[in-house]
>>> print(open('coords21.cif').read())   # mmCIF, C-alpha atoms
data_work
loop_
_atom_site.group_PDB
_atom_site.id
_atom_site.type_symbol
_atom_site.label_atom_id
_atom_site.label_comp_id
_atom_site.auth_asym_id
_atom_site.auth_seq_id
_atom_site.Cartn_x
_atom_site.Cartn_y
_atom_site.Cartn_z
ATOM 1 C CA SER A 1321 0.000 0.000 0.000
ATOM 2 C CA GLN A 1322 1.033 3.569 -0.567
ATOM 3 C CA THR A 1323 2.081 5.908 2.208
ATOM 4 C CA ILE A 1324 3.165 9.512 2.213
ATOM 5 C CA HIS A 1325 5.437 11.071 4.801
ATOM 6 C CA GLN A 1326 6.129 14.655 5.662
ATOM 7 C CA TRP A 1327 8.568 16.167 8.084
ATOM 8 C CA PRO A 1328 8.884 17.946 10.261
ATOM 9 C CA ALA A 1329 5.389 17.878 11.733
ATOM 10 C CA THR A 1330 5.751 21.330 13.266
ATOM 11 C CA LEU A 1331 8.293 24.075 12.772
ATOM 12 C CA VAL A 1332 8.853 27.518 14.269
ATOM 13 C CA GLN A 1333 11.253 29.684 12.316
ATOM 14 C CA PRO A 1334 12.258 33.351 12.529
ATOM 15 C CA VAL A 1335 11.645 35.749 9.673
ATOM 16 C CA GLY A 1336 14.505 35.675 7.192
ATOM 17 C CA SER A 1337 15.598 32.132 7.983
ATOM 18 C CA PRO A 1338 15.693 29.369 5.349
ATOM 19 C CA LEU A 1339 13.150 26.603 5.039
ATOM 20 C CA SER A 1340 13.213 23.021 3.868
ATOM 21 C CA LEU A 1341 10.181 20.749 4.076
ATOM 22 C CA GLU A 1342 10.396 17.220 2.811
ATOM 23 C CA CYS A 1343 7.811 14.840 1.430
ATOM 24 C CA THR A 1344 8.338 11.246 0.397
ATOM 25 C CA VAL A 1345 5.961 8.685 -1.042
ATOM 26 C CA GLU A 1346 6.260 4.932 -0.717
ATOM 27 C CA GLY A 1347 4.574 2.133 -2.583
ATOM 28 C CA THR A 1348 4.066 3.800 -5.951
ATOM 29 C CA SER A 1349 6.138 4.839 -8.941
ATOM 30 C CA ASN A 1350 6.002 7.945 -11.138
ATOM 31 C CA PRO A 1351 3.449 9.753 -9.009
ATOM 32 C CA ASN A 1352 2.298 13.295 -9.494
ATOM 33 C CA LEU A 1353 3.353 15.303 -6.451
ATOM 34 C CA TYR A 1354 1.827 18.476 -5.051
ATOM 35 C CA TRP A 1355 2.536 21.118 -2.420
ATOM 36 C CA TYR A 1356 -0.370 23.019 -0.894
ATOM 37 C CA ARG A 1357 -0.555 25.708 1.749
ATOM 38 C CA GLN A 1358 -3.533 26.247 3.998
ATOM 39 C CA ALA A 1359 -3.750 29.489 5.942
ATOM 40 C CA ALA A 1360 -5.584 29.338 9.261
ATOM 41 C CA GLY A 1361 -9.291 28.662 8.726
ATOM 42 C CA ARG A 1362 -9.029 28.766 4.960
ATOM 43 C CA GLY A 1363 -8.961 26.479 1.936
ATOM 44 C CA LEU A 1364 -6.045 24.925 0.144
ATOM 45 C CA GLN A 1365 -3.799 26.930 -2.134
ATOM 46 C CA LEU A 1366 -1.806 24.910 -4.662
ATOM 47 C CA LEU A 1367 1.807 26.069 -4.624
ATOM 48 C CA PHE A 1368 3.658 23.603 -6.866
ATOM 49 C CA TYR A 1369 3.029 20.367 -8.676
ATOM 50 C CA SER A 1370 5.328 17.948 -10.403
ATOM 51 C CA ILE A 1371 4.687 15.285 -13.002
ATOM 52 C CA GLY A 1372 8.249 13.952 -12.929
ATOM 53 C CA ILE A 1373 11.799 14.432 -11.738
ATOM 54 C CA ASP A 1374 12.876 18.035 -12.303
ATOM 55 C CA GLN A 1375 9.458 18.798 -13.860
ATOM 56 C CA ILE A 1376 7.855 21.320 -11.575
ATOM 57 C CA SER A 1377 5.121 23.853 -12.194
ATOM 58 C CA SER A 1378 4.684 26.871 -9.976
ATOM 59 C CA GLU A 1379 1.170 28.073 -9.370
ATOM 60 C CA VAL A 1380 1.751 31.146 -7.249
ATOM 61 C CA PRO A 1381 4.743 33.475 -7.561
ATOM 62 C CA GLN A 1382 6.346 33.896 -4.169
ATOM 63 C CA ASN A 1383 9.551 33.356 -2.291
ATOM 64 C CA LEU A 1384 9.101 29.588 -2.150
ATOM 65 C CA SER A 1385 10.617 27.012 -4.486
ATOM 66 C CA ALA A 1386 10.230 23.278 -4.971
ATOM 67 C CA SER A 1387 12.515 20.532 -6.141
ATOM 68 C CA ARG A 1388 12.097 16.878 -6.980
ATOM 69 C CA PRO A 1389 15.502 15.243 -6.827
ATOM 70 C CA GLN A 1390 14.099 11.718 -6.863
ATOM 71 C CA ASP A 1391 10.940 10.144 -8.232
ATOM 72 C CA ARG A 1392 9.223 9.931 -4.860
ATOM 73 C CA GLN A 1393 10.745 12.913 -3.072
ATOM 74 C CA PHE A 1394 9.412 16.446 -3.159
ATOM 75 C CA ILE A 1395 11.035 19.315 -1.297
ATOM 76 C CA LEU A 1396 9.668 22.770 -0.529
ATOM 77 C CA SER A 1397 12.251 25.453 0.199
ATOM 78 C CA SER A 1398 12.734 29.089 0.895
ATOM 79 C CA LYS A 1399 15.893 31.131 1.237
ATOM 80 C CA LYS A 1400 14.265 33.764 3.470
ATOM 81 C CA LEU A 1401 10.950 33.208 5.213
ATOM 82 C CA LEU A 1402 8.309 35.909 5.498
ATOM 83 C CA LEU A 1403 5.642 36.210 8.174
ATOM 84 C CA SER A 1404 3.064 35.484 5.476
ATOM 85 C CA ASP A 1405 4.637 32.064 4.902
ATOM 86 C CA SER A 1406 3.075 30.800 8.127
ATOM 87 C CA GLY A 1407 0.508 28.093 7.547
ATOM 88 C CA PHE A 1408 -0.172 24.417 7.226
ATOM 89 C CA TYR A 1409 1.762 22.806 4.374
ATOM 90 C CA LEU A 1410 0.375 19.668 2.830
ATOM 91 C CA CYS A 1411 2.040 17.367 0.355
ATOM 92 C CA ALA A 1412 -0.075 15.118 -1.838
ATOM 93 C CA TRP A 1413 0.385 12.492 -4.507
ATOM 94 C CA SER A 1414 -1.773 11.053 -7.248
ATOM 95 C CA VAL A 1415 -1.404 8.509 -9.976
ATOM 96 C CA ARG A 1416 -0.007 10.088 -13.110
ATOM 97 C CA GLY A 1417 -2.035 9.579 -16.240
ATOM 98 C CA THR A 1418 -3.517 11.081 -19.321
ATOM 99 C CA GLY A 1419 -7.020 10.775 -17.991
ATOM 100 C CA GLY A 1420 -9.129 9.386 -15.198
ATOM 101 C CA SER A 1421 -10.238 10.489 -11.796
ATOM 102 C CA TYR A 1422 -6.981 10.031 -9.922
ATOM 103 C CA GLU A 1423 -7.799 11.405 -6.550
ATOM 104 C CA GLN A 1424 -5.013 12.942 -4.519
ATOM 105 C CA TYR A 1425 -3.797 11.470 -1.254
ATOM 106 C CA PHE A 1426 -2.391 13.781 1.345
ATOM 107 C CA GLY A 1427 0.381 13.587 3.883
ATOM 108 C CA PRO A 1428 -0.028 14.530 7.554
ATOM 109 C CA GLY A 1429 1.147 18.106 6.947
ATOM 110 C CA THR A 1430 3.686 20.471 8.471
ATOM 111 C CA ARG A 1431 2.533 23.352 10.629
ATOM 112 C CA LEU A 1432 4.907 26.262 10.048
ATOM 113 C CA THR A 1433 4.952 29.341 12.236
ATOM 114 C CA VAL A 1434 7.173 32.209 11.199
ATOM 115 C CA THR A 1435 7.941 34.564 14.075
ATOM 116 C CA ALA B 336 -14.907 33.468 -11.368
ATOM 117 C CA GLN B 337 -14.571 30.861 -8.663
ATOM 118 C CA LYS B 338 -14.470 27.359 -10.034
ATOM 119 C CA ILE B 339 -15.691 25.764 -6.802
ATOM 120 C CA THR B 340 -18.102 27.475 -4.426
ATOM 121 C CA GLN B 341 -19.082 26.214 -1.000
ATOM 122 C CA THR B 342 -21.637 28.669 0.330
ATOM 123 C CA GLN B 343 -21.968 27.226 3.832
ATOM 124 C CA PRO B 344 -19.077 28.285 6.047
ATOM 125 C CA GLY B 345 -20.571 26.255 8.900
ATOM 126 C CA MET B 346 -23.264 23.624 9.352
ATOM 127 C CA PHE B 347 -24.752 21.971 12.413
ATOM 128 C CA VAL B 348 -26.514 18.625 12.561
ATOM 129 C CA GLN B 349 -27.849 16.392 15.304
ATOM 130 C CA GLU B 350 -26.235 13.037 15.762
ATOM 131 C CA LYS B 351 -27.929 10.301 13.692
ATOM 132 C CA GLU B 352 -29.525 12.787 11.306
ATOM 133 C CA ALA B 353 -28.578 13.348 7.669
ATOM 134 C CA VAL B 354 -26.870 16.497 6.425
ATOM 135 C CA THR B 355 -26.189 17.937 2.969
ATOM 136 C CA LEU B 356 -23.111 20.027 2.272
ATOM 137 C CA ASP B 357 -23.439 22.200 -0.798
ATOM 138 C CA CYS B 358 -20.953 22.575 -3.629
ATOM 139 C CA THR B 359 -21.397 24.324 -6.961
ATOM 140 C CA TYR B 360 -18.833 24.445 -9.700
ATOM 141 C CA ASP B 361 -18.044 26.297 -12.874
ATOM 142 C CA THR B 362 -16.524 24.608 -15.898
ATOM 143 C CA SER B 363 -17.010 24.537 -19.645
ATOM 144 C CA ASP B 364 -15.204 21.213 -19.936
ATOM 145 C CA PRO B 365 -17.653 18.350 -20.554
ATOM 146 C CA SER B 366 -15.255 15.924 -18.914
ATOM 147 C CA TYR B 367 -14.593 16.593 -15.236
ATOM 148 C CA GLY B 368 -14.664 14.951 -11.847
ATOM 149 C CA GLN B 369 -15.949 16.017 -8.487
ATOM 150 C CA PHE B 370 -14.249 15.061 -5.224
ATOM 151 C CA TRP B 371 -14.975 15.501 -1.542
ATOM 152 C CA TYR B 372 -12.385 15.535 1.224
ATOM 153 C CA LYS B 373 -12.696 15.590 5.008
ATOM 154 C CA GLN B 374 -10.220 17.442 7.203
ATOM 155 C CA PRO B 375 -10.472 16.661 10.941
ATOM 156 C CA SER B 376 -8.900 18.965 13.495
ATOM 157 C CA SER B 377 -5.673 16.972 13.245
ATOM 158 C CA GLY B 378 -5.200 18.427 9.769
ATOM 159 C CA GLU B 379 -4.890 15.475 7.434
ATOM 160 C CA MET B 380 -7.030 15.525 4.287
ATOM 161 C CA ILE B 381 -9.033 12.344 3.819
ATOM 162 C CA PHE B 382 -10.490 11.429 0.441
ATOM 163 C CA LEU B 383 -14.191 10.554 0.762
ATOM 164 C CA ILE B 384 -15.889 10.174 -2.584
ATOM 165 C CA TYR B 385 -15.577 10.855 -6.303
ATOM 166 C CA GLN B 386 -17.905 11.131 -9.278
ATOM 167 C CA GLY B 387 -17.116 11.783 -12.919
ATOM 168 C CA SER B 388 -19.254 13.891 -15.194
ATOM 169 C CA TYR B 389 -20.089 10.885 -17.365
ATOM 170 C CA ASP B 390 -21.087 8.627 -14.488
ATOM 171 C CA GLN B 391 -24.783 7.824 -14.724
ATOM 172 C CA GLN B 392 -25.522 7.021 -11.103
ATOM 173 C CA ASN B 393 -24.746 9.092 -8.039
ATOM 174 C CA ALA B 394 -21.689 7.818 -6.217
ATOM 175 C CA THR B 395 -22.064 6.190 -2.815
ATOM 176 C CA GLU B 396 -19.393 5.222 -0.280
ATOM 177 C CA GLY B 397 -20.832 3.928 2.961
ATOM 178 C CA ARG B 398 -22.649 6.799 4.657
ATOM 179 C CA TYR B 399 -21.453 9.273 2.032
ATOM 180 C CA SER B 400 -23.274 9.929 -1.199
ATOM 181 C CA LEU B 401 -22.880 12.520 -3.877
ATOM 182 C CA ASN B 402 -25.991 14.329 -5.097
ATOM 183 C CA PHE B 403 -24.710 15.231 -8.549
ATOM 184 C CA GLN B 404 -26.893 17.557 -10.635
ATOM 185 C CA LYS B 405 -25.056 18.505 -13.813
ATOM 186 C CA ALA B 406 -27.716 20.916 -15.090
ATOM 187 C CA ARG B 407 -27.390 22.904 -11.868
ATOM 188 C CA LYS B 408 -23.623 22.356 -11.729
ATOM 189 C CA SER B 409 -23.870 21.122 -8.192
ATOM 190 C CA ALA B 410 -22.178 18.208 -6.460
ATOM 191 C CA ASN B 411 -23.519 18.140 -2.925
ATOM 192 C CA LEU B 412 -22.251 15.708 -0.305
ATOM 193 C CA VAL B 413 -24.871 13.887 1.732
ATOM 194 C CA ILE B 414 -23.833 12.294 5.010
ATOM 195 C CA SER B 415 -26.422 9.947 6.436
ATOM 196 C CA ALA B 416 -26.742 8.995 10.099
ATOM 197 C CA SER B 417 -24.242 11.596 11.295
ATOM 198 C CA GLN B 418 -21.754 10.595 13.945
ATOM 199 C CA LEU B 419 -19.786 12.738 16.379
ATOM 200 C CA GLY B 420 -16.643 11.786 14.487
ATOM 201 C CA ASP B 421 -18.005 13.442 11.367
ATOM 202 C CA SER B 422 -17.302 16.858 12.880
ATOM 203 C CA ALA B 423 -14.641 18.319 10.588
ATOM 204 C CA MET B 424 -14.001 20.622 7.661
ATOM 205 C CA TYR B 425 -15.273 19.327 4.344
ATOM 206 C CA PHE B 426 -13.810 20.400 1.023
ATOM 207 C CA CYS B 427 -15.247 20.016 -2.450
ATOM 208 C CA ALA B 428 -12.791 19.807 -5.351
ATOM 209 C CA MET B 429 -12.862 19.438 -9.126
ATOM 210 C CA ARG B 430 -10.523 18.062 -11.778
ATOM 211 C CA GLU B 431 -11.110 19.030 -15.404
ATOM 212 C CA GLY B 432 -10.382 17.009 -18.511
ATOM 213 C CA ILE B 433 -10.564 13.621 -16.865
ATOM 214 C CA THR B 434 -10.919 11.710 -20.124
ATOM 215 C CA GLN B 435 -8.841 13.915 -22.361
ATOM 216 C CA GLY B 436 -5.459 14.123 -20.700
ATOM 217 C CA GLY B 437 -6.451 17.326 -19.006
ATOM 218 C CA SER B 438 -5.372 19.025 -15.855
ATOM 219 C CA GLU B 439 -3.283 17.197 -13.304
ATOM 220 C CA LYS B 440 -4.601 19.593 -10.678
ATOM 221 C CA LEU B 441 -7.518 19.690 -8.302
ATOM 222 C CA VAL B 442 -9.249 22.975 -7.586
ATOM 223 C CA PHE B 443 -10.613 23.183 -4.049
ATOM 224 C CA GLY B 444 -13.439 25.144 -2.498
ATOM 225 C CA LYS B 445 -13.016 27.061 0.736
ATOM 226 C CA GLY B 446 -14.669 24.412 2.832
ATOM 227 C CA THR B 447 -17.610 23.917 5.185
ATOM 228 C CA LYS B 448 -17.155 23.289 8.877
ATOM 229 C CA LEU B 449 -19.558 20.595 10.042
ATOM 230 C CA THR B 450 -20.397 20.218 13.704
ATOM 231 C CA VAL B 451 -22.322 17.171 14.859
ATOM 232 C CA ASN B 452 -24.176 17.731 18.118
ATOM 233 C CA PRO B 453 -24.935 14.890 20.528
#
>>> encode(input="coords21.cif", output="structure tokens")
Amino acid sequence: SQTIHQWPATLVQPVGSPLSLECTVEGTSNPNLYWYRQAAGRGLQLLFYSIGIDQISSEVPQNLSASRPQDRQFILSSKKLLLSDSGFYLCAWSVRGTGGSYEQYFGPGTRLTVT
Amino acid sequence: AQKITQTQPGMFVQEKEAVTLDCTYDTSDPSYGQFWYKQPSSGEMIFLIYQGSYDQQNATEGRYSLNFQKARKSANLVISASQLGDSAMYFCAMREGITQGGSEKLVFGKGTKLTVNP
């Protein structure tokens, strides 16, 4: 069965510090991978998605970046955090295909507080 | 224009009763899919149910069913026999181009907070 891991679970970082959040998927190959951010009490905002190694699409211009160094690893980074980067970060995966429903499955999330 | 609209920021229901959570969508693509997710207070997003635009019958998964009305562009979630553990945020989402190699993305609504009262 497939599982998705995220770490760390919680993080408190000062403004201007770097960020690295990691997501890994087990039990599947060639997945689509996604990074979302959820501000407190709000819906999900898609930040990045990837259909393959080094194939990453950015949805929202900001000071975050994403990388996919391996098929089942997706990393969210920032060189300098802003207060507005605080939120709940969720990684998700789905089967890659040219059609079909392909629901997304989410990791447990990382709660980031920028102080 | 918003692609997914959830007009109920909060809903309350008595335990053991049924509740309908509303979702309307906007798309010109004839091939799309509707999804519902549950987010408990712990934060994880749990996939509940899916229905494609070409599916003839409304989807059902246990106590969850999808009241899909294409003419009204609505895909409401019905939870029967509510339980205390159903208290959570519920998100509607849509994927376009499901049979034509379309979008790899889901578009989410802003969610409805459901509270089940004992």
>>> resolve_selection(input="coords21.cif", expression="the PyMOL selection byres ((chain B) within 9 of (chain A))", output="number ranges by chain")
B: 367-370, 377-382, 385-387, 426, 430, 432-446
>>> resolve_selection(input="coords21.cif", expression="the PyMOL selection byres ((chain A and resi 1399) around 8)", output="compact mmCIF listing (two decimals) with C-alpha atoms, keeping the file's coordinate frame")
# COMPACT_ATOMS: atom_id res chain seq x y z
CA GLY A 1336 14.50 35.67 7.19
CA SER A 1337 15.60 32.13 7.98
CA PRO A 1338 15.69 29.37 5.35
CA LEU A 1339 13.15 26.60 5.04
CA ASN A 1383 9.55 33.36 -2.29
CA LEU A 1384 9.10 29.59 -2.15
CA SER A 1397 12.25 25.45 0.20
CA SER A 1398 12.73 29.09 0.90
CA LYS A 1400 14.26 33.76 3.47
CA LEU A 1401 10.95 33.21 5.21
>>> resolve_selection(input="coords21.cif", expression="the PyMOL selection byres ((chain B and resi 408) around 10)", output="ChimeraX atom specification")
/B:339,358-362,403-407,409-411
>>> closest_residue(input="coords21.cif", among="A:Thr1348, A:Gln1375, A:Gln1382, A:Gln1393", to="Asp1405 in chain A", atoms="all atoms listed in the file")
A:Gln1382
>>> closest_residue(input="coords21.cif", among="A:Gln1333, A:Thr1323, A:Ser1385, A:Ser1378", to="Pro1351 in chain A", atoms="all atoms listed in the file")
A:Thr1323
>>> atom_distance(input="coords21.cif", atom1="CA of Thr450 in chain B", atom2="CA of Tyr399 in chain B")
16.0 Å
>>> atom_distance(input="coords21.cif", atom1="CA of Gln1326 in chain A", atom2="CA of Ala1360 in chain A")
19.1 Å
>>> closest_residue(input="coords21.cif", among="B:Leu401, B:Ile384, B:Leu419, B:Met424", to="Val348 in chain B", atoms="all atoms listed in the file")
B:Leu419
>>> atom_distance(input="coords21.cif", atom1="CA of Ser400 in chain B", atom2="CA of Pro365 in chain B")
21.8 Å
>>> residues_around(input="coords21.cif", residues="Leu1341 in chain A", least_positions_apart="3", cutoff="7 Å", atoms="all atoms listed in the file", output="PDB file with C-alpha atoms, keeping the file's coordinate frame")
ATOM      1  CA  TRP A1327       8.568  16.167   8.084  1.00  0.00           C
ATOM      2  CA  PRO A1328       8.884  17.946  10.261  1.00  0.00           C
ATOM      3  CA  ILE A1395      11.035  19.315  -1.297  1.00  0.00           C
ATOM      4  CA  LEU A1396       9.668  22.770  -0.529  1.00  0.00           C
ATOM      5  CA  SER A1397      12.251  25.453   0.199  1.00  0.00           C
TER       6      SER A1397
END
>>> residues_near_point(input="coords21.cif", point="(-21.6, 9.9, 5.5)", cutoff="10 Å", atoms="all atoms listed in the file", output="list of chain:residue names")
B:Ala353, B:Val354, B:Thr355, B:Leu383, B:Ile384, B:Thr395, B:Glu396, B:Gly397, B:Arg398, B:Tyr399, B:Ser400, B:Leu401, B:Leu412, B:Val413, B:Ile414, B:Ser415, B:Ala416, B:Ser417, B:Gln418, B:Asp421
>>> residues_near_point(input="coords21.cif", point="(-3.0, -0.6, 4.3)", cutoff="12 Å", atoms="all atoms listed in the file", output="ChimeraX atom specification")
/A:1321-1323,1346-1347
